[in-house]
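Heads up, coords-v4.cif below (mmCIF, C-alpha atoms and all ligand atoms):
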```cif
data_work
loop_
_atom_site.label_atom_id
_atom_site.label_comp_id
_atom_site.auth_asym_id
_atom_site.auth_seq_id
_atom_site.Cartn_x
_atom_site.Cartn_y
_atom_site.Cartn_z
CA MET L 1 0.00 0.00 0.00
CA CYS L 2 2.78 2.39 1.04
CA PHE L 3 4.94 1.44 -1.95
CA ARG L 4 1.95 1.90 -4.27
CA PHE L 5 1.34 5.41 -2.88
CA PHE L 6 4.93 6.57 -3.51
CA TYR L 7 4.99 4.85 -6.89
CA ALA L 8 1.78 6.74 -7.82
CA ILE L 9 3.24 10.09 -6.69
CA ARG L 10 6.38 9.55 -8.79
CA GLU L 11 4.39 8.48 -11.85
CA LEU L 12 1.88 11.34 -11.44
CA TRP L 13 4.84 13.68 -11.69
CA CYS L 14 6.24 11.88 -14.77
CA PHE L 15 2.92 11.94 -16.62
CA LYS L 16 1.64 15.31 -15.38
CA ALA L 17 1.26 16.80 -18.88
CA GLN L 18 -0.75 13.82 -20.17
CA LEU L 19 -2.94 13.80 -17.03
CA LYS L 20 -3.69 17.51 -17.40
CA HIS L 21 -4.66 16.74 -20.99
CA PHE L 22 -7.16 14.08 -19.78
CA MET L 23 -8.84 16.75 -17.67
CA GLN L 24 -9.11 19.17 -20.60
CA ALA L 25 -9.82 17.00 -23.64
CA PRO L 26 -13.50 15.99 -24.06
CA ASN L 27 -12.46 13.22 -26.49
CA LEU L 28 -10.64 11.48 -23.60
CA GLN L 29 -13.68 11.66 -21.33
CA LEU L 30 -16.94 9.79 -21.05
CA ALA L 31 -19.84 10.61 -18.72
CA ASN L 32 -21.02 7.00 -18.47
CA ILE L 33 -19.76 3.74 -19.98
CA GLN L 34 -23.08 3.41 -21.84
CA ASP L 35 -22.01 6.41 -23.97
CA ILE L 36 -19.15 4.47 -25.52
CA SER L 37 -19.33 4.23 -29.29
CA LYS L 38 -18.27 1.21 -31.33
CA PRO L 39 -17.39 3.34 -34.44
CA GLU L 40 -15.16 5.53 -32.22
CA LEU L 41 -13.41 2.45 -30.83
CA ASP L 42 -12.86 1.15 -34.36
CA ALA L 43 -11.54 4.54 -35.49
CA HIS L 44 -8.96 4.46 -32.68
CA GLY L 45 -7.89 0.88 -33.37
CA VAL L 46 -9.25 -0.48 -30.08
CA SER L 47 -9.47 -4.26 -30.21
CA ILE L 48 -9.63 -4.94 -26.45
CA LEU L 49 -11.92 -3.07 -24.08
CA VAL L 50 -10.97 -3.09 -20.38
CA LEU L 51 -13.46 -1.85 -17.80
CA ASP L 52 -12.83 -0.69 -14.27
CA TYR L 53 -15.56 -1.83 -11.85
CA ASP L 54 -16.11 0.58 -8.94
CA ALA L 55 -17.88 3.79 -9.99
CA VAL L 56 -17.88 2.68 -13.65
CA LEU L 57 -20.14 -0.40 -13.56
CA ALA L 58 -21.65 0.18 -10.09
CA ALA L 59 -21.24 2.27 -6.96
CA HIS L 60 -18.34 1.36 -4.67
CA GLY L 61 -18.43 -2.07 -3.09
CA GLU L 62 -21.50 -3.32 -4.99
CA PRO L 63 -21.21 -7.04 -5.81
CA GLN L 64 -23.12 -6.63 -9.09
CA PRO L 65 -23.16 -4.00 -11.84
CA LYS L 66 -26.11 -1.57 -12.05
CA PRO L 67 -29.17 -3.08 -13.80
CA GLU L 68 -28.82 -0.67 -16.76
CA ILE L 69 -25.13 -1.63 -17.07
CA ILE L 70 -26.04 -5.32 -17.16
CA VAL L 71 -28.44 -4.56 -20.04
CA TRP L 72 -25.82 -2.44 -21.83
CA LEU L 73 -23.08 -5.07 -21.36
CA ARG L 74 -25.32 -7.80 -22.79
CA GLN L 75 -25.85 -5.76 -25.94
CA PHE L 76 -22.35 -4.32 -26.22
CA SER L 77 -20.53 -7.63 -25.69
CA LYS L 78 -22.40 -8.90 -28.76
CA ILE L 79 -21.55 -5.97 -31.05
CA PHE L 80 -17.98 -5.66 -29.78
CA ALA L 81 -15.89 -8.71 -30.69
CA PRO L 82 -16.82 -11.60 -28.34
CA GLY L 83 -14.17 -12.41 -25.75
CA LYS L 84 -12.56 -9.00 -26.11
CA ILE L 85 -13.94 -7.35 -22.98
CA TYR L 86 -12.05 -7.55 -19.68
CA ILE L 87 -12.75 -6.32 -16.15
CA LEU L 88 -9.76 -4.89 -14.28
CA SER L 89 -10.69 -3.86 -10.75
CA ASN L 90 -8.56 -3.04 -7.73
CA LYS L 91 -11.22 -4.92 -5.75
CA PRO L 92 -11.72 -8.22 -7.58
CA THR L 93 -13.93 -9.75 -4.88
CA THR L 94 -15.11 -13.36 -5.10
CA ALA L 95 -18.76 -12.21 -5.37
CA ARG L 96 -17.91 -10.06 -8.40
CA GLN L 97 -15.89 -12.79 -10.08
CA LYS L 98 -18.73 -15.26 -9.48
CA PHE L 99 -21.28 -12.86 -10.95
CA PHE L 100 -19.31 -12.49 -14.17
CA LEU L 101 -18.59 -16.19 -14.43
CA GLN L 102 -22.30 -16.98 -14.12
CA ASN L 103 -23.74 -14.12 -16.17
CA PHE L 104 -21.00 -13.04 -18.57
CA PRO L 105 -18.66 -16.00 -19.13
CA GLU L 106 -17.36 -14.25 -22.26
CA VAL L 107 -16.16 -11.26 -20.20
CA LYS L 108 -12.80 -11.98 -18.56
CA PHE L 109 -12.22 -10.95 -14.97
CA ILE L 110 -8.52 -10.22 -14.43
CA ILE L 111 -6.69 -10.55 -11.14
CA ALA L 112 -3.57 -8.41 -11.43
CA LYS L 113 -0.42 -9.13 -9.44
CA ARG L 114 -0.25 -5.49 -8.37
CA LYS L 115 -3.10 -2.99 -8.32
CA LYS L 116 -3.49 0.07 -10.56
CA PRO L 117 -1.63 2.42 -11.10
CA TYR L 118 0.86 -0.40 -11.56
CA PRO L 119 0.56 -1.38 -15.23
CA ASP L 120 0.62 -5.15 -14.45
CA GLY L 121 -3.07 -5.85 -15.13
CA LEU L 122 -3.10 -3.99 -18.46
CA LEU L 123 0.12 -5.62 -19.62
CA GLN L 124 -1.18 -9.02 -18.53
CA ILE L 125 -4.28 -8.48 -20.70
CA ALA L 126 -2.13 -7.39 -23.66
CA VAL L 127 -0.04 -10.57 -23.39
CA GLU L 128 -3.08 -12.80 -22.86
CA SER L 129 -4.97 -11.36 -25.82
CA GLY L 130 -1.89 -11.12 -28.05
CA VAL L 131 -2.23 -7.43 -28.95
CA THR L 132 0.03 -4.42 -28.44
CA PRO L 133 -0.84 -2.21 -25.45
CA LYS L 134 -1.84 0.55 -27.91
CA SER L 135 -4.86 -1.57 -29.02
CA LEU L 136 -6.16 -1.74 -25.44
CA LEU L 137 -8.54 0.83 -23.98
CA LEU L 138 -9.20 1.12 -20.25
CA VAL L 139 -12.28 3.00 -19.05
CA ASP L 140 -11.75 4.21 -15.48
CA ASP L 141 -13.02 6.93 -13.13
CA ARG L 142 -9.71 7.47 -11.30
CA LEU L 143 -6.96 9.64 -12.74
CA GLY L 144 -4.45 8.58 -10.08
CA THR L 145 -4.94 4.83 -10.51
CA GLY L 146 -6.56 3.58 -13.75
CA ILE L 147 -5.77 6.49 -16.07
CA LEU L 148 -2.23 6.72 -14.71
CA ALA L 149 -1.84 2.97 -15.35
CA THR L 150 -2.83 3.48 -19.03
CA LEU L 151 -0.08 6.09 -19.41
CA ILE L 152 2.53 3.85 -17.76
CA ALA L 153 1.48 0.79 -19.80
CA GLY L 154 1.12 2.71 -23.07
CA THR L 155 -2.53 1.81 -23.62
CA GLN L 156 -5.42 4.09 -24.49
CA GLY L 157 -7.70 5.43 -21.76
CA LEU L 158 -11.07 7.07 -21.27
CA TRP L 159 -11.85 8.94 -18.07
CA ILE L 160 -15.35 8.55 -16.59
CA THR L 161 -16.57 11.96 -15.42
CA LYS L 162 -19.94 10.98 -13.90
CA PRO L 163 -19.03 8.03 -11.66
CA TYR L 164 -21.66 5.93 -9.91
CA VAL L 165 -21.91 6.92 -6.25
CA ASN L 166 -24.25 5.64 -3.51
CA ILE L 167 -23.66 7.71 -0.39
CA MET L 168 -26.68 6.23 1.42
CA SER L 169 -25.44 2.64 1.33
CA ARG L 170 -21.72 3.26 2.02
CA PRO L 171 -21.33 6.80 3.41
CA ILE L 172 -17.75 6.48 4.68
CA ALA L 173 -16.30 4.64 1.67
CA GLU L 174 -18.11 6.85 -0.86
CA THR L 175 -17.07 10.07 0.90
CA TRP L 176 -13.49 8.82 0.90
CA PHE L 177 -13.58 8.08 -2.85
CA ILE L 178 -15.25 11.43 -3.63
CA PHE L 179 -12.41 13.04 -1.67
CA LEU L 180 -9.78 10.98 -3.55
CA ARG L 181 -11.23 11.86 -6.98
CA TRP L 182 -11.46 15.53 -6.02
CA SER L 183 -7.95 15.69 -4.52
CA GLU L 184 -6.24 13.96 -7.43
CA GLN L 185 -7.85 16.44 -9.85
CA LEU L 186 -6.76 19.31 -7.62
CA ILE L 187 -3.19 17.99 -7.38
CA ILE L 188 -2.92 17.41 -11.15
CA LYS L 189 -4.41 20.82 -11.96
CA TYR L 190 -2.54 23.02 -9.49
CA PHE L 191 0.41 21.17 -7.96
CA LEU L 192 2.02 19.22 -10.79
MG MG L 201 -13.21 2.92 -10.19
#
```

What does this structure look like when you write it as structure tokens?
Ligand SMILES: [Mg+2]
Amino acid sequence: MCFRFFYAIRELWCFKAQLKHFMQAPNLQLANIQDISKPELDAHGVSILVLDYDAVLAAHGEPQPKPEIIVWLRQFSKIFAPGKIYILSNKPTTARQKFFLQNFPEVKFIIAKRKKPYPDGLLQIAVESGVTPKSLLLVDDRLGTGILATLIAGTQGLWITKPYVNIMSRPIAETWFIFLRWSEQLIIKYFL
């Protein structure tokens, strides 16, 4: 945990220009994963789609994706090449893995050796799927973990700007993650 924090700080500094660009460029942002466009992915040479879980598919700690995300994923996994969607979460709980195995066996749930922002998970997916990192796209709500990992690994990234939040069910965890998202934007904007 401590090593990951200092690693993230060092890499935030190294990729400060690219991270600032993520905050300014609408073409690198997405309000919700359902807004993703297949023609856009094709135009950018994306052959593997990697999805973060918390705040992208569901609010923090939820064992299952939001009902509308389940519907979207059913449709999208058919139009996007089958077997080309991966889940890369820093919390790959057994309940989540089980859900995907039972409901979306074609979607691969990756357990990375080290958590994002380490590039391990993304590089593991590139090796497993036999593509260059540049053909991978990660969709993530966190600049300091997922998006930073895309820059380190040399993959493409899309930053989710309207993350799923459920304060009522997990007030402490959600407040903490709201604070983290807010502080990393503040640090990137004003201190790097
Ligand atoms: Mg997340």

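Between CA of Asp140 (chain L) and CA of Ala95 (chain L) there is a distance of 20.5 Å.
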
Inset, instruction - Tell me which protein, DNA and RNA residues are within 12 Å of Leu138 (chain L), counting all atoms listed in the file, leaving out same-chain ones fewer than 3 positions away, and put them as a ChimeraX atom specification. - result: /L:28-30,33,36,41,46-53,56,85-89,116-117,119,121-123,125-126,133-135,141-143,145-151,153-160

Inset, instruction - Counting only C-alpha atoms, figure out which residue out of L:Gly61, L:Pro67, L:Gly83, L:Gly45 gets nearest to Ser169 (chain L). - result: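 Of the candidates, the smallest distance to Ser169 (chain L) is held by L:Gly61.
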
Inset, instruction - Would you mind reading off the distance between CA of Lys162 (chain L) and CA of Lys113 (chain L), one decimal, in Å? - result: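 Going from CA of Lys162 (chain L) over to CA of Lys113 (chain L) covers 28.4 Å.
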
Legend entry - Shortest interatomic distance to ligand MG 201 (chain L) - which of L:Tyr7, L:Tyr118, L:Phe177, L:Trp72, counting all atoms listed in the file: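 Checking each of L:Tyr7, L:Tyr118, L:Phe177, L:Trp72 against ligand MG 201 (chain L), counting all atoms listed in the file, the winner is L:Phe177.
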
Inset, instruction - Pick out the closest residue to ligand MG 201 (chain L) from this set: L:Leu101, L:Ile167, L:Leu57, L:Ile152. Count only C-alpha atoms and all ligand atoms. - result: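 Once distances to ligand MG 201 (chain L) are computed over only C-alpha atoms and all ligand atoms, the minimum belongs to L:Leu57.
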
Inset, instruction - Report the distance between CA of Met168 (chain L) and CA of Pro63 (chain L) in Å, rounded to one decimal place. - result: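 Interatomic distance, CA of Met168 (chain L) to CA of Pro63 (chain L): 16.1 Å.
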
Inset, instruction - Rank L:Glu68, L:Glu62, L:Glu106, L:Asp35 by their smallest atom-to-atom distance to ligand MG 201 (chain L), using all atoms listed in the file, and report the top residue only. - result: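 The closest residue to ligand MG 201 (chain L) is L:Glu62.
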
Subset file as an mmCIF file, in the first residue's frame: region 26-71 of chain L, N, CA and C atoms:
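Result file is part_18.cif:
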```
data_model
loop_
_atom_site.group_PDB
_atom_site.id
_atom_site.type_symbol
_atom_site.label_atom_id
_atom_site.label_comp_id
_atom_site.auth_asym_id
_atom_site.auth_seq_id
_atom_site.Cartn_x
_atom_site.Cartn_y
_atom_site.Cartn_z
ATOM 1 N N PRO L 26 -12.224 16.728 -24.110
ATOM 2 C CA PRO L 26 -13.495 15.987 -24.063
ATOM 3 C C PRO L 26 -13.439 14.631 -24.775
ATOM 4 N N ASN L 27 -12.545 14.495 -25.765
ATOM 5 C CA ASN L 27 -12.462 13.216 -26.489
ATOM 6 C C ASN L 27 -11.798 12.120 -25.657
ATOM 7 N N LEU L 28 -11.235 12.485 -24.492
ATOM 8 C CA LEU L 28 -10.641 11.480 -23.602
ATOM 9 C C LEU L 28 -11.553 11.216 -22.406
ATOM 10 N N GLN L 29 -12.744 11.785 -22.454
ATOM 11 C CA GLN L 29 -13.677 11.661 -21.330
ATOM 12 C C GLN L 29 -15.000 11.031 -21.785
ATOM 13 N N LEU L 30 -15.654 10.441 -20.800
ATOM 14 C CA LEU L 30 -16.939 9.794 -21.054
ATOM 15 C C LEU L 30 -17.764 9.998 -19.784
ATOM 16 N N ALA L 31 -19.014 10.429 -19.926
ATOM 17 C CA ALA L 31 -19.836 10.613 -18.725
ATOM 18 C C ALA L 31 -20.139 9.248 -18.118
ATOM 19 N N ASN L 32 -20.611 8.327 -18.936
ATOM 20 C CA ASN L 32 -21.017 6.997 -18.475
ATOM 21 C C ASN L 32 -20.566 5.981 -19.515
ATOM 22 N N ILE L 33 -20.248 4.788 -19.062
ATOM 23 C CA ILE L 33 -19.761 3.743 -19.975
ATOM 24 C C ILE L 33 -20.774 3.441 -21.101
ATOM 25 N N GLN L 34 -22.061 3.667 -20.806
ATOM 26 C CA GLN L 34 -23.078 3.410 -21.842
ATOM 27 C C GLN L 34 -22.942 4.351 -23.040
ATOM 28 N N ASP L 35 -22.192 5.456 -22.862
ATOM 29 C CA ASP L 35 -22.009 6.413 -23.965
ATOM 30 C C ASP L 35 -20.917 5.986 -24.942
ATOM 31 N N ILE L 36 -20.261 4.878 -24.655
ATOM 32 C CA ILE L 36 -19.147 4.469 -25.516
ATOM 33 C C ILE L 36 -19.666 4.104 -26.903
ATOM 34 N N SER L 37 -18.864 4.454 -27.923
ATOM 35 C CA SER L 37 -19.331 4.233 -29.291
ATOM 36 C C SER L 37 -18.415 3.249 -30.017
ATOM 37 N N LYS L 38 -19.026 2.233 -30.589
ATOM 38 C CA LYS L 38 -18.266 1.214 -31.330
ATOM 39 C C LYS L 38 -17.507 1.842 -32.514
ATOM 40 N N PRO L 39 -18.147 2.715 -33.336
ATOM 41 C CA PRO L 39 -17.388 3.340 -34.435
ATOM 42 C C PRO L 39 -16.165 4.122 -33.946
ATOM 43 N N GLU L 40 -16.302 4.791 -32.787
ATOM 44 C CA GLU L 40 -15.162 5.534 -32.218
ATOM 45 C C GLU L 40 -14.037 4.577 -31.830
ATOM 46 N N LEU L 41 -14.409 3.451 -31.220
ATOM 47 C CA LEU L 41 -13.407 2.453 -30.825
ATOM 48 C C LEU L 41 -12.682 1.922 -32.060
ATOM 49 N N ASP L 42 -13.459 1.645 -33.105
ATOM 50 C CA ASP L 42 -12.859 1.153 -34.358
ATOM 51 C C ASP L 42 -11.909 2.203 -34.943
ATOM 52 N N ALA L 43 -12.354 3.460 -34.911
ATOM 53 C CA ALA L 43 -11.542 4.541 -35.486
ATOM 54 C C ALA L 43 -10.211 4.689 -34.749
ATOM 55 N N HIS L 44 -10.197 4.331 -33.462
ATOM 56 C CA HIS L 44 -8.957 4.456 -32.679
ATOM 57 C C HIS L 44 -8.196 3.128 -32.561
ATOM 58 N N GLY L 45 -8.613 2.159 -33.334
ATOM 59 C CA GLY L 45 -7.891 0.880 -33.367
ATOM 60 C C GLY L 45 -7.973 0.093 -32.067
ATOM 61 N N VAL L 46 -9.096 0.242 -31.356
ATOM 62 C CA VAL L 46 -9.253 -0.481 -30.083
ATOM 63 C C VAL L 46 -9.780 -1.888 -30.367
ATOM 64 N N SER L 47 -8.984 -2.889 -30.006
ATOM 65 C CA SER L 47 -9.473 -4.256 -30.211
ATOM 66 C C SER L 47 -9.801 -4.940 -28.887
ATOM 67 N N ILE L 48 -9.331 -4.386 -27.774
ATOM 68 C CA ILE L 48 -9.629 -4.940 -26.452
ATOM 69 C C ILE L 48 -10.163 -3.818 -25.566
ATOM 70 N N LEU L 49 -11.324 -4.055 -24.972
ATOM 71 C CA LEU L 49 -11.921 -3.065 -24.076
ATOM 72 C C LEU L 49 -11.788 -3.557 -22.634
ATOM 73 N N VAL L 50 -11.177 -2.721 -21.785
ATOM 74 C CA VAL L 50 -10.971 -3.086 -20.378
ATOM 75 C C VAL L 50 -11.792 -2.126 -19.523
ATOM 76 N N LEU L 51 -12.591 -2.684 -18.626
ATOM 77 C CA LEU L 51 -13.456 -1.851 -17.796
ATOM 78 C C LEU L 51 -13.051 -1.926 -16.335
ATOM 79 N N ASP L 52 -12.968 -0.751 -15.721
ATOM 80 C CA ASP L 52 -12.827 -0.688 -14.273
ATOM 81 C C ASP L 52 -14.211 -1.068 -13.695
ATOM 82 N N TYR L 53 -14.279 -1.402 -12.420
ATOM 83 C CA TYR L 53 -15.562 -1.834 -11.847
ATOM 84 C C TYR L 53 -16.198 -0.719 -10.992
ATOM 85 N N ASP L 54 -15.517 -0.384 -9.876
ATOM 86 C CA ASP L 54 -16.107 0.581 -8.938
ATOM 87 C C ASP L 54 -16.287 1.948 -9.587
ATOM 88 N N ALA L 55 -17.495 2.472 -9.474
ATOM 89 C CA ALA L 55 -17.885 3.788 -9.988
ATOM 90 C C ALA L 55 -18.111 3.809 -11.501
ATOM 91 N N VAL L 56 -17.684 2.738 -12.196
ATOM 92 C CA VAL L 56 -17.882 2.676 -13.648
ATOM 93 C C VAL L 56 -19.051 1.742 -13.983
ATOM 94 N N LEU L 57 -19.063 0.565 -13.332
ATOM 95 C CA LEU L 57 -20.144 -0.399 -13.564
ATOM 96 C C LEU L 57 -21.180 -0.347 -12.445
ATOM 97 N N ALA L 58 -20.757 0.117 -11.272
ATOM 98 C CA ALA L 58 -21.648 0.178 -10.094
ATOM 99 C C ALA L 58 -21.038 1.134 -9.078
ATOM 100 N N ALA L 59 -21.797 1.451 -8.042
ATOM 101 C CA ALA L 59 -21.244 2.267 -6.958
ATOM 102 C C ALA L 59 -20.234 1.418 -6.193
ATOM 103 N N HIS L 60 -19.411 2.067 -5.372
ATOM 104 C CA HIS L 60 -18.341 1.362 -4.668
ATOM 105 C C HIS L 60 -18.849 0.204 -3.814
ATOM 106 N N GLY L 61 -18.147 -0.920 -3.934
ATOM 107 C CA GLY L 61 -18.431 -2.071 -3.089
ATOM 108 C C GLY L 61 -19.600 -2.934 -3.521
ATOM 109 N N GLU L 62 -20.339 -2.529 -4.554
ATOM 110 C CA GLU L 62 -21.501 -3.323 -4.989
ATOM 111 C C GLU L 62 -21.014 -4.639 -5.612
ATOM 112 N N PRO L 63 -21.665 -5.759 -5.254
ATOM 113 C CA PRO L 63 -21.214 -7.037 -5.813
ATOM 114 C C PRO L 63 -21.640 -7.249 -7.267
ATOM 115 N N GLN L 64 -22.642 -6.470 -7.711
ATOM 116 C CA GLN L 64 -23.123 -6.630 -9.088
ATOM 117 C C GLN L 64 -23.163 -5.272 -9.787
ATOM 118 N N PRO L 65 -23.003 -5.261 -11.120
ATOM 119 C CA PRO L 65 -23.159 -4.002 -11.844
ATOM 120 C C PRO L 65 -24.599 -3.476 -11.740
ATOM 121 N N LYS L 66 -24.781 -2.197 -12.022
ATOM 122 C CA LYS L 66 -26.111 -1.575 -12.046
ATOM 123 C C LYS L 66 -26.984 -2.295 -13.080
ATOM 124 N N PRO L 67 -28.309 -2.378 -12.828
ATOM 125 C CA PRO L 67 -29.173 -3.076 -13.797
ATOM 126 C C PRO L 67 -29.039 -2.556 -15.232
ATOM 127 N N GLU L 68 -28.932 -1.209 -15.397
ATOM 128 C CA GLU L 68 -28.818 -0.666 -16.759
ATOM 129 C C GLU L 68 -27.466 -1.027 -17.398
ATOM 130 N N ILE L 69 -26.454 -1.238 -16.544
ATOM 131 C CA ILE L 69 -25.127 -1.627 -17.066
ATOM 132 C C ILE L 69 -25.155 -3.093 -17.507
ATOM 133 N N ILE L 70 -25.906 -3.903 -16.766
ATOM 134 C CA ILE L 70 -26.045 -5.318 -17.163
ATOM 135 C C ILE L 70 -26.690 -5.394 -18.545
ATOM 136 N N VAL L 71 -27.745 -4.584 -18.744
ATOM 137 C CA VAL L 71 -28.444 -4.562 -20.041
ATOM 138 C C VAL L 71 -27.483 -4.081 -21.135
#
```
